[in-house]
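Chemist: I'd like to ask you about the structure that follows.
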Amino acid sequence: MLSKELLEEFRELKARHDAVVLAHYYVQDDAQDLADFVGDSYFLAQKAATLDCKTLVFAGVEFMAESAKLLSPNKRVFMPEPKADCPMAHMLRKETVDEARAKYGDDLAVVCYVNSTNEMKAWSDVCVTSSNAKRIVERLEEHHILFVPDQHLGHYIQEQVPSKHVLLNDGFCPTHEAIDVREVTELKEAHPGAVVCAHPECAAWVLEHADYIGSTSGIIERCVSGTEQDFVICTVHGVLHEIKKQVLAAGDDGRKRFYFPRTTPICPNMAMITGEKVVACLRDLSGEVFVDERFAEGAQRALERMLELAG
Ligand code: 13P
Ligand code: SF4
């Protein structure tokens with residue numbers, strides 16, 4: 001917990017810099033508690049694009065803060081932990097895109113999960129997040145879709161939109177891919193009737209066991225609104241903080257129980273982001289995000305197309 005003095009300083013710094021704090025559900029609980037808005041990556045991108053303020057502090061990994069900067073270039077954007085990066089964001093080679101474009105020509109769209117570098121976004125036609133990927137792929141005119149960089153989300157989208165031909169890349173999230181299907185089935189056996197909620201970055205053999213598949217916000221909403229008692233959650237443990245808050249606010253009687261796989265899914269990069277670092281970043285105005293000019297225009301175009309097509 002942050003001290004009273006630190007909280008007081010934080011409020012004063014926020015007012016001085018006309019700052020809004022955005023946080024993803026995977027960062028440390030005390031960083032989530034300082035945020036004006038906590039959400040999934042689509043919600044946070046939309047917020048960044050529409051908020052009226054001079055400064056944004058983005059408690060999330062690099063691709064999230066960079067997307068915020070691209071969607072709101074007139075704001076100063078800061079990262080409390082500039083080393084927080086998403087490994088999957090680097091898992092694509094340009095040749096994969098070039099080969100697919102050469103083979104399928106105008107009937108191919110390159111669909112880039114926001115968990116990607118700006119350079120990759122600039123190679124692509126449109127960005128997506130887990131909460132809008134299905135809708136956007138359905139709306140594209142092209143029949144062939146090269147889905148990058150996440151193979152598991154790409155595979156899930158192929159199942160959801162069978163009318164399209166989805167080509168997969170070999171990227172993956174190390175945290176979600178490590179979710180062990182045996183640990184999920186053990187939980188199901190121990191808690192018959194439990195609702196299994198999974199993020200689509202999980203491998204297909206985990207998703208097969210899911211009753212609900214969706215983004216972090218979708219999973220939280222399913223757990224809070226569901227009338228069931230037991231929930232097995234296959235995503236990063238950080239979502240539990242918001243689930244507990246919302247369940248409490250809904251006046252729950254303590255009946256609901258939430259289980260994560262025994263090997264707790266933690267995103268080591270998101271976990272570096274603490275409340276103290278959020279305050280320090282505003283105090284020192286450190287960790288400012290600057291986008292490489294070579295990729296800014298192309299990446300911005302792909303992100304803005306996402307906002308248009310998802311709406
Ligand atoms: P969401 O868009 O569901 O918040 O997911 C972001 C992410 O990085 C999941 O690992
Ligand atoms: Fe990247 Fe996985 Fe962490 Fe999400 S959970 S930010 S995909 S490493």
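FYI, nothing fancy with the structure tokens labels: chains A, B, ... in order, residues from 1 per chain, ligands from 1 as they appear.
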Can you work out which residues are within 10 Å of ligand 1, considering only C-alpha atoms and all ligand atoms, and then hand them over as a CSV table (one decimal) with all heavy atoms, in the first residue's frame?
Modeler:
chain,number,residue,atom,x,y,z
A,24,HIS,N,-3.3,-1.4,-17.4
A,24,HIS,CA,-3.8,-2.7,-17.8
A,24,HIS,C,-4.0,-3.6,-16.6
A,24,HIS,O,-3.4,-3.4,-15.6
A,24,HIS,CB,-2.9,-3.4,-18.8
A,24,HIS,CG,-3.5,-4.6,-19.5
A,24,HIS,ND1,-3.3,-5.8,-19.0
A,24,HIS,CD2,-4.2,-4.7,-20.6
A,24,HIS,CE1,-3.9,-6.7,-19.7
A,24,HIS,NE2,-4.5,-6.0,-20.7
A,25,TYR,N,-5.0,-4.5,-16.7
A,25,TYR,CA,-5.3,-5.4,-15.6
A,25,TYR,C,-4.1,-6.3,-15.1
A,25,TYR,O,-4.2,-6.9,-14.1
A,25,TYR,CB,-6.4,-6.3,-16.0
A,25,TYR,CG,-7.7,-5.7,-16.3
A,25,TYR,CD1,-8.3,-5.8,-17.5
A,25,TYR,CD2,-8.4,-4.9,-15.3
A,25,TYR,CE1,-9.5,-5.2,-17.8
A,25,TYR,CE2,-9.6,-4.3,-15.6
A,25,TYR,CZ,-10.2,-4.4,-16.9
A,25,TYR,OH,-11.4,-3.8,-17.2
A,26,TYR,N,-3.1,-6.4,-15.9
A,26,TYR,CA,-2.0,-7.3,-15.5
A,26,TYR,C,-0.9,-6.6,-14.6
A,26,TYR,O,0.0,-7.3,-14.1
A,26,TYR,CB,-1.3,-7.8,-16.7
A,26,TYR,CG,-2.0,-8.8,-17.6
A,26,TYR,CD1,-1.6,-9.1,-18.9
A,26,TYR,CD2,-3.2,-9.4,-17.2
A,26,TYR,CE1,-2.2,-9.9,-19.8
A,26,TYR,CE2,-3.9,-10.2,-18.1
A,26,TYR,CZ,-3.4,-10.5,-19.3
A,26,TYR,OH,-4.1,-11.3,-20.2
A,38,VAL,N,-8.8,1.6,-15.9
A,38,VAL,CA,-8.2,0.3,-16.0
A,38,VAL,C,-8.9,-0.5,-17.0
A,38,VAL,O,-10.2,-0.4,-17.1
A,38,VAL,CB,-8.2,-0.5,-14.6
A,38,VAL,CG1,-7.3,-1.8,-14.7
A,38,VAL,CG2,-7.8,0.3,-13.5
A,39,GLY,N,-8.2,-1.2,-17.9
A,39,GLY,CA,-9.0,-1.9,-19.0
A,39,GLY,C,-8.2,-2.8,-19.8
A,39,GLY,O,-7.0,-3.1,-19.5
A,40,ASP,N,-8.9,-3.4,-20.8
A,40,ASP,CA,-8.2,-4.3,-21.7
A,40,ASP,C,-7.5,-3.4,-22.8
A,40,ASP,O,-7.6,-2.1,-22.8
A,40,ASP,CB,-9.1,-5.3,-22.4
A,40,ASP,CG,-10.2,-4.8,-23.3
A,40,ASP,OD1,-10.1,-3.6,-23.6
A,40,ASP,OD2,-11.0,-5.6,-23.7
A,41,SER,N,-6.7,-4.0,-23.7
A,41,SER,CA,-5.9,-3.1,-24.5
A,41,SER,C,-6.7,-2.3,-25.5
A,41,SER,O,-6.4,-1.2,-25.9
A,41,SER,CB,-4.8,-3.9,-25.2
A,41,SER,OG,-5.3,-5.1,-25.7
A,42,TYR,N,-7.9,-2.8,-25.9
A,42,TYR,CA,-8.7,-2.0,-26.8
A,42,TYR,C,-9.3,-0.8,-26.1
A,42,TYR,O,-9.3,0.3,-26.6
A,42,TYR,CB,-9.8,-2.9,-27.4
A,42,TYR,CG,-10.8,-2.1,-28.4
A,42,TYR,CD1,-10.2,-1.4,-29.4
A,42,TYR,CD2,-12.1,-2.2,-28.2
A,42,TYR,CE1,-11.0,-0.6,-30.2
A,42,TYR,CE2,-13.0,-1.5,-29.1
A,42,TYR,CZ,-12.4,-0.7,-30.1
A,42,TYR,OH,-13.2,0.0,-30.9
A,43,PHE,N,-9.9,-1.1,-25.0
A,43,PHE,CA,-10.5,0.0,-24.2
A,43,PHE,C,-9.4,1.1,-23.9
A,43,PHE,O,-9.7,2.3,-24.1
A,43,PHE,CB,-11.0,-0.5,-22.9
A,43,PHE,CG,-11.5,0.5,-21.9
A,43,PHE,CD1,-12.8,1.0,-22.0
A,43,PHE,CD2,-10.7,1.0,-20.9
A,43,PHE,CE1,-13.2,2.0,-21.0
A,43,PHE,CE2,-11.1,1.9,-19.9
A,43,PHE,CZ,-12.3,2.5,-20.0
A,44,LEU,N,-8.2,0.7,-23.6
A,44,LEU,CA,-7.2,1.7,-23.2
A,44,LEU,C,-6.8,2.5,-24.5
A,44,LEU,O,-6.5,3.7,-24.4
A,44,LEU,CB,-6.0,1.0,-22.5
A,44,LEU,CG,-6.3,0.4,-21.2
A,44,LEU,CD1,-5.1,-0.4,-20.7
A,44,LEU,CD2,-6.7,1.5,-20.1
A,45,ALA,N,-6.7,1.8,-25.6
A,45,ALA,CA,-6.4,2.5,-26.9
A,45,ALA,C,-7.4,3.6,-27.2
A,45,ALA,O,-7.1,4.7,-27.6
A,45,ALA,CB,-6.2,1.5,-28.0
A,60,GLY,N,1.5,-0.1,-18.4
A,60,GLY,CA,1.4,-1.3,-19.3
A,60,GLY,C,2.7,-1.5,-20.0
A,60,GLY,O,3.7,-0.8,-19.8
A,61,VAL,N,2.7,-2.5,-21.0
A,61,VAL,CA,3.9,-2.7,-21.7
A,61,VAL,C,4.1,-1.8,-22.9
A,61,VAL,O,3.2,-1.0,-23.2
A,61,VAL,CB,4.0,-4.2,-22.1
A,61,VAL,CG1,4.3,-5.1,-21.0
A,61,VAL,CG2,2.8,-4.6,-22.9
A,63,PHE,N,4.2,-1.8,-26.2
A,63,PHE,CA,3.3,-1.6,-27.3
A,63,PHE,C,2.1,-0.9,-27.0
A,63,PHE,O,1.5,-0.2,-27.8
A,63,PHE,CB,3.0,-3.0,-28.0
A,63,PHE,CG,2.0,-3.8,-27.3
A,63,PHE,CD1,0.6,-3.6,-27.4
A,63,PHE,CD2,2.4,-4.9,-26.5
A,63,PHE,CE1,-0.3,-4.4,-26.7
A,63,PHE,CE2,1.5,-5.7,-25.8
A,63,PHE,CZ,0.1,-5.4,-25.9
A,64,MET,N,1.6,-1.0,-25.8
A,64,MET,CA,0.4,-0.3,-25.3
A,64,MET,C,0.7,1.2,-25.3
A,64,MET,O,-0.1,2.0,-25.7
A,64,MET,CB,-0.1,-0.8,-24.0
A,64,MET,CG,-0.5,-2.2,-24.0
A,64,MET,SD,-1.1,-2.8,-22.4
A,64,MET,CE,-1.7,-4.4,-22.8
A,86,CYS,N,6.7,-6.6,-24.3
A,86,CYS,CA,6.0,-7.9,-24.5
A,86,CYS,C,6.8,-8.7,-25.5
A,86,CYS,O,7.0,-8.3,-26.6
A,86,CYS,CB,4.6,-7.6,-25.1
A,86,CYS,SG,3.7,-9.0,-25.8
A,88,MET,N,6.1,-11.3,-27.2
A,88,MET,CA,5.4,-11.7,-28.5
A,88,MET,C,5.5,-10.5,-29.5
A,88,MET,O,5.4,-10.8,-30.7
A,88,MET,CB,4.0,-12.0,-28.2
A,88,MET,CG,3.2,-12.3,-29.5
A,88,MET,SD,1.7,-13.2,-29.2
A,88,MET,CE,0.7,-12.1,-28.2
A,89,ALA,N,5.6,-9.3,-29.0
A,89,ALA,CA,5.6,-8.1,-29.9
A,89,ALA,C,6.7,-8.2,-30.9
A,89,ALA,O,6.7,-7.4,-31.9
A,89,ALA,CB,5.6,-6.9,-29.1
A,113,TYR,N,-2.1,-8.1,-34.6
A,113,TYR,CA,-2.5,-8.0,-33.2
A,113,TYR,C,-1.7,-6.8,-32.6
A,113,TYR,O,-0.5,-6.6,-33.0
A,113,TYR,CB,-2.1,-9.3,-32.5
A,113,TYR,CG,-2.6,-9.6,-31.1
A,113,TYR,CD1,-3.8,-9.0,-30.6
A,113,TYR,CD2,-1.9,-10.4,-30.2
A,113,TYR,CE1,-4.2,-9.2,-29.4
A,113,TYR,CE2,-2.4,-10.6,-29.0
A,113,TYR,CZ,-3.5,-10.1,-28.5
A,113,TYR,OH,-4.0,-10.3,-27.3
A,114,VAL,N,-2.4,-6.0,-31.8
A,114,VAL,CA,-1.7,-4.8,-31.3
A,114,VAL,C,-0.4,-5.2,-30.5
A,114,VAL,O,0.5,-4.3,-30.3
A,114,VAL,CB,-2.5,-3.9,-30.4
A,114,VAL,CG1,-3.5,-3.1,-31.2
A,114,VAL,CG2,-3.2,-4.7,-29.3
A,115,ASN,N,-0.3,-6.4,-30.0
A,115,ASN,CA,0.9,-6.8,-29.3
A,115,ASN,C,2.0,-7.0,-30.4
A,115,ASN,O,2.4,-8.1,-30.7
A,115,ASN,CB,0.7,-8.2,-28.6
A,115,ASN,CG,-0.4,-8.1,-27.6
A,115,ASN,OD1,-1.4,-7.5,-27.8
A,115,ASN,ND2,-0.2,-8.8,-26.5
A,128,VAL,N,-5.7,-5.3,-34.6
A,128,VAL,CA,-6.8,-5.8,-33.9
A,128,VAL,C,-6.3,-6.0,-32.4
A,128,VAL,O,-5.1,-6.1,-32.2
A,128,VAL,CB,-7.3,-7.2,-34.5
A,128,VAL,CG1,-7.9,-7.0,-35.8
A,128,VAL,CG2,-6.2,-8.2,-34.4
A,129,THR,N,-7.3,-6.2,-31.5
A,129,THR,CA,-7.0,-6.7,-30.2
A,129,THR,C,-7.9,-7.9,-30.0
A,129,THR,O,-8.7,-8.3,-30.9
A,129,THR,CB,-7.4,-5.7,-29.1
A,129,THR,OG1,-8.8,-5.6,-29.0
A,129,THR,CG2,-6.9,-4.3,-29.4
A,130,SER,N,-7.7,-8.6,-28.9
A,130,SER,CA,-8.5,-9.8,-28.7
A,130,SER,C,-10.0,-9.5,-28.6
A,130,SER,O,-10.8,-10.4,-28.9
A,130,SER,CB,-8.0,-10.6,-27.5
A,130,SER,OG,-8.1,-9.7,-26.3
A,131,SER,N,-10.4,-8.3,-28.3
A,131,SER,CA,-11.8,-8.1,-28.1
A,131,SER,C,-12.5,-7.6,-29.4
A,131,SER,O,-13.7,-7.6,-29.5
A,131,SER,CB,-12.1,-7.0,-27.0
A,131,SER,OG,-11.6,-5.8,-27.4
A,132,ASN,N,-11.7,-7.3,-30.5
A,132,ASN,CA,-12.4,-6.9,-31.7
A,132,ASN,C,-11.9,-7.7,-33.0
A,132,ASN,O,-12.3,-7.4,-34.1
A,132,ASN,CB,-12.2,-5.4,-32.0
A,132,ASN,CG,-10.7,-5.0,-32.0
A,132,ASN,OD1,-9.9,-5.7,-32.5
A,132,ASN,ND2,-10.4,-3.8,-31.6
A,172,PHE,N,3.9,-16.3,-30.1
A,172,PHE,CA,3.0,-16.7,-29.0
A,172,PHE,C,3.4,-15.9,-27.8
A,172,PHE,O,4.4,-15.3,-27.7
A,172,PHE,CB,3.3,-18.2,-28.7
A,172,PHE,CG,4.7,-18.5,-28.3
A,172,PHE,CD1,5.1,-18.6,-27.0
A,172,PHE,CD2,5.7,-18.6,-29.3
A,172,PHE,CE1,6.4,-18.8,-26.6
A,172,PHE,CE2,7.1,-18.9,-28.9
A,172,PHE,CZ,7.4,-19.0,-27.6
A,173,CYS,N,2.5,-15.9,-26.8
A,173,CYS,CA,2.7,-15.3,-25.5
A,173,CYS,C,3.3,-16.4,-24.6
A,173,CYS,O,2.6,-17.4,-24.3
A,173,CYS,CB,1.4,-14.8,-24.9
A,173,CYS,SG,1.5,-14.4,-23.2
A,174,PRO,N,4.5,-16.2,-24.1
A,174,PRO,CA,5.1,-17.2,-23.2
A,174,PRO,C,4.3,-17.5,-22.0
A,174,PRO,O,4.2,-18.6,-21.5
A,174,PRO,CB,6.5,-16.6,-22.9
A,174,PRO,CG,6.8,-15.6,-23.9
A,174,PRO,CD,5.4,-15.1,-24.4
A,175,THR,N,3.6,-16.5,-21.5
A,175,THR,CA,2.8,-16.7,-20.2
A,175,THR,C,1.6,-17.5,-20.5
A,175,THR,O,1.3,-18.4,-19.8
A,175,THR,CB,2.5,-15.3,-19.6
A,175,THR,OG1,3.7,-14.6,-19.4
A,175,THR,CG2,1.7,-15.5,-18.3
A,176,HIS,N,0.8,-17.1,-21.5
A,176,HIS,CA,-0.4,-17.9,-21.8
A,176,HIS,C,-0.1,-19.3,-22.4
A,176,HIS,O,-0.8,-20.2,-22.1
A,176,HIS,CB,-1.3,-17.1,-22.8
A,176,HIS,CG,-2.0,-16.0,-22.1
A,176,HIS,ND1,-1.4,-14.7,-22.0
A,176,HIS,CD2,-3.2,-15.9,-21.5
A,176,HIS,CE1,-2.3,-13.9,-21.3
A,176,HIS,NE2,-3.4,-14.6,-21.1
A,199,HIS,N,-8.3,-16.7,-22.0
A,199,HIS,CA,-7.9,-15.7,-23.0
A,199,HIS,C,-7.5,-16.4,-24.3
A,199,HIS,O,-6.9,-17.4,-24.2
A,199,HIS,CB,-6.7,-14.9,-22.4
A,199,HIS,CG,-6.5,-13.6,-23.2
A,199,HIS,ND1,-5.8,-13.5,-24.4
A,199,HIS,CD2,-6.9,-12.3,-22.9
A,199,HIS,CE1,-5.8,-12.3,-24.8
A,199,HIS,NE2,-6.4,-11.5,-23.9
A,200,PRO,N,-7.9,-15.8,-25.5
A,200,PRO,CA,-7.5,-16.5,-26.7
A,200,PRO,C,-6.0,-16.6,-27.0
A,200,PRO,O,-5.7,-17.2,-28.1
A,200,PRO,CB,-8.3,-15.7,-27.8
A,200,PRO,CG,-8.5,-14.4,-27.2
A,200,PRO,CD,-8.6,-14.6,-25.7
A,201,GLU,N,-5.2,-16.0,-26.2
A,201,GLU,CA,-3.7,-16.3,-26.4
A,201,GLU,C,-3.3,-17.7,-25.8
A,201,GLU,O,-2.2,-18.1,-26.1
A,201,GLU,CB,-2.9,-15.2,-25.6
A,201,GLU,CG,-2.9,-13.9,-26.3
A,201,GLU,CD,-2.2,-12.8,-25.5
A,201,GLU,OE1,-1.5,-13.1,-24.6
A,201,GLU,OE2,-2.4,-11.6,-25.9
A,202,CYS,N,-4.3,-18.3,-25.1
A,202,CYS,CA,-4.0,-19.7,-24.7
A,202,CYS,C,-3.9,-20.6,-25.9
A,202,CYS,O,-4.6,-20.4,-26.9
A,202,CYS,CB,-5.0,-20.2,-23.7
A,202,CYS,SG,-5.2,-19.3,-22.2
A,214,GLY,N,-12.4,-14.9,-24.2
A,214,GLY,CA,-12.5,-13.5,-24.5
A,214,GLY,C,-11.3,-12.7,-23.9
A,214,GLY,O,-10.4,-13.3,-23.3
A,215,SER,N,-11.4,-11.4,-24.1
A,215,SER,CA,-10.3,-10.5,-23.7
A,215,SER,C,-10.3,-10.4,-22.2
A,215,SER,O,-11.2,-11.0,-21.5
A,215,SER,CB,-10.5,-9.1,-24.3
A,215,SER,OG,-11.6,-8.5,-23.6
A,216,THR,N,-9.3,-9.7,-21.6
A,216,THR,CA,-9.3,-9.6,-20.2
A,216,THR,C,-10.6,-9.0,-19.6
A,216,THR,O,-11.2,-9.5,-18.6
A,216,THR,CB,-8.1,-8.8,-19.7
A,216,THR,OG1,-8.0,-7.6,-20.5
A,216,THR,CG2,-6.8,-9.5,-19.9
A,217,SER,N,-11.1,-7.9,-20.3
A,217,SER,CA,-12.3,-7.3,-19.8
A,217,SER,C,-13.5,-8.3,-20.0
A,217,SER,O,-14.4,-8.3,-19.1
A,217,SER,CB,-12.7,-6.1,-20.7
A,217,SER,OG,-11.8,-5.1,-20.5
A,218,GLY,N,-13.5,-9.1,-21.1
A,218,GLY,CA,-14.6,-10.0,-21.3
A,218,GLY,C,-14.6,-11.1,-20.2
A,218,GLY,O,-15.6,-11.5,-19.6
A,219,ILE,N,-13.4,-11.5,-19.8
A,219,ILE,CA,-13.3,-12.6,-18.7
A,219,ILE,C,-13.8,-12.0,-17.4
A,219,ILE,O,-14.6,-12.6,-16.6
A,219,ILE,CB,-11.8,-13.1,-18.6
A,219,ILE,CG1,-11.5,-13.9,-19.8
A,219,ILE,CG2,-11.6,-13.9,-17.3
A,219,ILE,CD1,-10.0,-14.3,-19.9
A,235,THR,N,-5.9,-16.9,-17.6
A,235,THR,CA,-5.2,-15.7,-18.1
A,235,THR,C,-4.3,-15.2,-16.9
A,235,THR,O,-4.3,-15.9,-15.8
A,235,THR,CB,-6.1,-14.6,-18.6
A,235,THR,OG1,-5.3,-13.6,-19.3
A,235,THR,CG2,-6.9,-13.9,-17.5
A,236,VAL,N,-3.7,-14.1,-17.1
A,236,VAL,CA,-2.8,-13.6,-16.1
A,236,VAL,C,-3.5,-13.2,-14.8
A,236,VAL,O,-4.6,-12.6,-14.8
A,236,VAL,CB,-2.0,-12.4,-16.6
A,236,VAL,CG1,-1.1,-11.7,-15.5
A,236,VAL,CG2,-1.1,-12.8,-17.8
A,239,VAL,N,-5.9,-10.1,-13.3
A,239,VAL,CA,-7.3,-9.7,-13.5
A,239,VAL,C,-8.1,-9.9,-12.2
A,239,VAL,O,-9.2,-9.4,-12.0
A,239,VAL,CB,-8.0,-10.6,-14.6
A,239,VAL,CG1,-7.4,-10.2,-16.0
A,239,VAL,CG2,-7.9,-12.1,-14.3
A,266,ILE,N,1.7,-15.4,-14.5
A,266,ILE,CA,2.2,-14.0,-14.2
A,266,ILE,C,2.9,-13.5,-15.5
A,266,ILE,O,3.8,-14.2,-16.0
A,266,ILE,CB,3.2,-13.9,-13.0
A,266,ILE,CG1,2.6,-14.6,-11.8
A,266,ILE,CG2,3.7,-12.5,-12.8
A,266,ILE,CD1,1.6,-13.7,-11.0
A,267,CYS,N,2.6,-12.3,-15.9
A,267,CYS,CA,3.4,-11.7,-17.0
A,267,CYS,C,4.6,-10.9,-16.4
A,267,CYS,O,4.3,-9.9,-15.7
A,267,CYS,CB,2.5,-10.8,-17.8
A,267,CYS,SG,3.5,-9.8,-19.0
A,270,MET,N,4.7,-7.1,-17.2
A,270,MET,CA,3.6,-6.3,-16.5
A,270,MET,C,3.8,-6.2,-15.0
A,270,MET,O,3.5,-5.2,-14.4
A,270,MET,CB,2.3,-6.9,-16.8
A,270,MET,CG,1.8,-6.9,-18.2
A,270,MET,SD,1.1,-5.2,-18.6
A,270,MET,CE,0.2,-5.6,-20.1
Chemist: Write down as number ranges by chain the residues of region 22-102 of chain A whose backbone DSSP state falls under helix (DSSP H, G or I).
Modeler: A: 29-34, 41-50, 62-71, 87-90, 94-102
Chemist: Please produce an output containing N, CA and C atoms for each residue in the selection, written as a short mmCIF file (atom, residue, chain, number, x, y, z; two decimals), in the first residue's frame.
Modeler:
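As written to disk, part-v7.cif reads:
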data_model
loop_
_atom_site.label_atom_id
_atom_site.label_comp_id
_atom_site.auth_asym_id
_atom_site.auth_seq_id
_atom_site.Cartn_x
_atom_site.Cartn_y
_atom_site.Cartn_z
N ASP A 29 -1.34 -4.62 -8.36
CA ASP A 29 -2.61 -4.09 -7.83
C ASP A 29 -2.52 -2.61 -7.45
N ASP A 30 -1.39 -2.21 -6.81
CA ASP A 30 -1.32 -0.81 -6.36
C ASP A 30 -1.19 0.16 -7.54
N ALA A 31 -0.68 -0.32 -8.67
CA ALA A 31 -0.63 0.54 -9.87
C ALA A 31 -2.04 0.63 -10.46
N GLN A 32 -2.79 -0.46 -10.46
CA GLN A 32 -4.18 -0.43 -10.93
C GLN A 32 -4.99 0.56 -10.09
N ASP A 33 -4.72 0.54 -8.77
CA ASP A 33 -5.50 1.40 -7.87
C ASP A 33 -5.26 2.89 -8.11
N LEU A 34 -4.12 3.24 -8.67
CA LEU A 34 -3.83 4.66 -8.93
C LEU A 34 -4.46 5.15 -10.23
N SER A 41 -6.73 -3.98 -23.68
CA SER A 41 -5.90 -3.12 -24.54
C SER A 41 -6.75 -2.31 -25.53
N TYR A 42 -7.90 -2.81 -25.93
CA TYR A 42 -8.74 -2.03 -26.84
C TYR A 42 -9.34 -0.81 -26.13
N PHE A 43 -9.89 -1.05 -24.96
CA PHE A 43 -10.49 0.04 -24.18
C PHE A 43 -9.44 1.14 -23.91
N LEU A 44 -8.24 0.72 -23.55
CA LEU A 44 -7.20 1.71 -23.22
C LEU A 44 -6.75 2.48 -24.46
N ALA A 45 -6.72 1.82 -25.62
CA ALA A 45 -6.36 2.52 -26.87
C ALA A 45 -7.44 3.56 -27.21
N GLN A 46 -8.70 3.16 -27.04
CA GLN A 46 -9.80 4.10 -27.31
C GLN A 46 -9.72 5.29 -26.37
N LYS A 47 -9.46 5.02 -25.10
CA LYS A 47 -9.35 6.10 -24.10
C LYS A 47 -8.24 7.06 -24.50
N ALA A 48 -7.06 6.50 -24.84
CA ALA A 48 -5.92 7.34 -25.20
C ALA A 48 -6.29 8.27 -26.36
N ALA A 49 -7.06 7.73 -27.31
CA ALA A 49 -7.40 8.51 -28.51
C ALA A 49 -8.38 9.63 -28.20
N THR A 50 -9.19 9.47 -27.17
CA THR A 50 -10.29 10.43 -26.97
C THR A 50 -10.13 11.33 -25.74
N GLU A 62 5.29 -1.85 -23.47
CA GLU A 62 5.69 -0.85 -24.47
C GLU A 62 4.69 -0.67 -25.62
N PHE A 63 4.19 -1.80 -26.18
CA PHE A 63 3.32 -1.63 -27.35
C PHE A 63 2.05 -0.86 -26.99
N MET A 64 1.61 -0.97 -25.75
CA MET A 64 0.39 -0.27 -25.33
C MET A 64 0.65 1.23 -25.26
N ALA A 65 1.79 1.60 -24.65
CA ALA A 65 2.13 3.02 -24.51
C ALA A 65 2.42 3.64 -25.88
N GLU A 66 3.06 2.86 -26.75
CA GLU A 66 3.34 3.39 -28.10
C GLU A 66 2.05 3.59 -28.89
N SER A 67 1.11 2.66 -28.74
CA SER A 67 -0.17 2.82 -29.44
C SER A 67 -0.88 4.08 -28.93
N ALA A 68 -0.80 4.30 -27.61
CA ALA A 68 -1.43 5.51 -27.04
C ALA A 68 -0.80 6.76 -27.65
N LYS A 69 0.52 6.76 -27.80
CA LYS A 69 1.21 7.92 -28.37
C LYS A 69 0.79 8.12 -29.84
N LEU A 70 0.69 7.03 -30.59
CA LEU A 70 0.32 7.14 -32.01
C LEU A 70 -1.12 7.63 -32.18
N LEU A 71 -1.99 7.23 -31.24
CA LEU A 71 -3.39 7.62 -31.36
C LEU A 71 -3.65 9.01 -30.75
N PRO A 87 7.28 -9.90 -25.09
CA PRO A 87 8.12 -10.68 -26.01
C PRO A 87 7.43 -11.04 -27.32
N MET A 88 6.13 -11.31 -27.24
CA MET A 88 5.42 -11.67 -28.48
C MET A 88 5.47 -10.53 -29.51
N ALA A 89 5.58 -9.30 -29.02
CA ALA A 89 5.55 -8.14 -29.92
C ALA A 89 6.70 -8.16 -30.93
N HIS A 90 7.68 -9.03 -30.71
CA HIS A 90 8.85 -9.08 -31.61
C HIS A 90 8.88 -10.35 -32.47
N LYS A 94 9.85 -10.02 -41.45
CA LYS A 94 9.29 -9.31 -42.61
C LYS A 94 9.05 -10.27 -43.78
N GLU A 95 9.93 -11.28 -43.93
CA GLU A 95 9.78 -12.23 -45.05
C GLU A 95 8.42 -12.94 -45.00
N THR A 96 7.91 -13.19 -43.80
CA THR A 96 6.61 -13.87 -43.69
C THR A 96 5.53 -13.03 -44.36
N VAL A 97 5.60 -11.72 -44.14
CA VAL A 97 4.62 -10.81 -44.73
C VAL A 97 4.84 -10.72 -46.24
N ASP A 98 6.10 -10.57 -46.65
CA ASP A 98 6.41 -10.43 -48.08
C ASP A 98 5.98 -11.67 -48.86
N GLU A 99 6.26 -12.84 -48.29
CA GLU A 99 5.90 -14.09 -49.00
C GLU A 99 4.39 -14.20 -49.17
N ALA A 100 3.64 -13.88 -48.12
CA ALA A 100 2.18 -13.98 -48.22
C ALA A 100 1.64 -12.96 -49.21
N ARG A 101 2.18 -11.76 -49.19
CA ARG A 101 1.71 -10.73 -50.14
C ARG A 101 2.02 -11.16 -51.58
N ALA A 102 3.20 -11.76 -51.78
CA ALA A 102 3.56 -12.19 -53.14
C ALA A 102 2.62 -13.30 -53.61
#
Chemist: Have a look at CA of Cys112 (chain A) and CA of Met306 (chain A) and let me know their distance in Å, one decimal.
Modeler: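 It comes out at 9.8 Å.
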Chemist: According to DSSP computed on the backbone, where in region 228-294 of chain A is there strand (DSSP E or B)? Give the residues as a ChimeraX atom specification.
Modeler: /A:230-234,257-259,288
Chemist: Could you write out the selected residues, including N, CA and C atoms, as a tab-separated table (two decimals), in the first residue's frame?
Modeler:
chain	number	residue	atom	x	y	z
A	230	ASP	N	-18.32	-21.21	-9.09
A	230	ASP	CA	-16.89	-21.44	-9.28
A	230	ASP	C	-16.44	-21.05	-10.69
A	231	PHE	N	-15.28	-20.41	-10.74
A	231	PHE	CA	-14.72	-19.96	-12.02
A	231	PHE	C	-13.25	-20.36	-12.09
A	232	VAL	N	-12.88	-20.98	-13.20
A	232	VAL	CA	-11.47	-21.30	-13.45
A	232	VAL	C	-10.99	-20.27	-14.48
A	233	ILE	N	-9.91	-19.56	-14.15
A	233	ILE	CA	-9.49	-18.44	-15.00
A	233	ILE	C	-8.14	-18.75	-15.65
A	234	CYS	N	-8.14	-18.76	-16.99
A	234	CYS	CA	-6.91	-19.03	-17.73
A	234	CYS	C	-6.43	-17.75	-18.40
A	257	ARG	N	-16.08	-18.28	-6.09
A	257	ARG	CA	-14.67	-18.65	-5.91
A	257	ARG	C	-13.97	-18.66	-7.27
A	258	PHE	N	-12.75	-18.16	-7.25
A	258	PHE	CA	-11.98	-18.03	-8.49
A	258	PHE	C	-10.69	-18.82	-8.38
A	259	TYR	N	-10.45	-19.66	-9.38
A	259	TYR	CA	-9.25	-20.53	-9.36
A	259	TYR	C	-8.39	-20.27	-10.59
A	288	GLU	N	9.57	8.82	-21.01
A	288	GLU	CA	8.70	9.36	-22.07
A	288	GLU	C	8.78	8.49	-23.34
Chemist: To one decimal in Å, tell me the separation between CA of Val57 (chain A) and CA of Glu12 (chain A).
Modeler: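 Separation of CA of Val57 (chain A) and CA of Glu12 (chain A): 14.6 Å.
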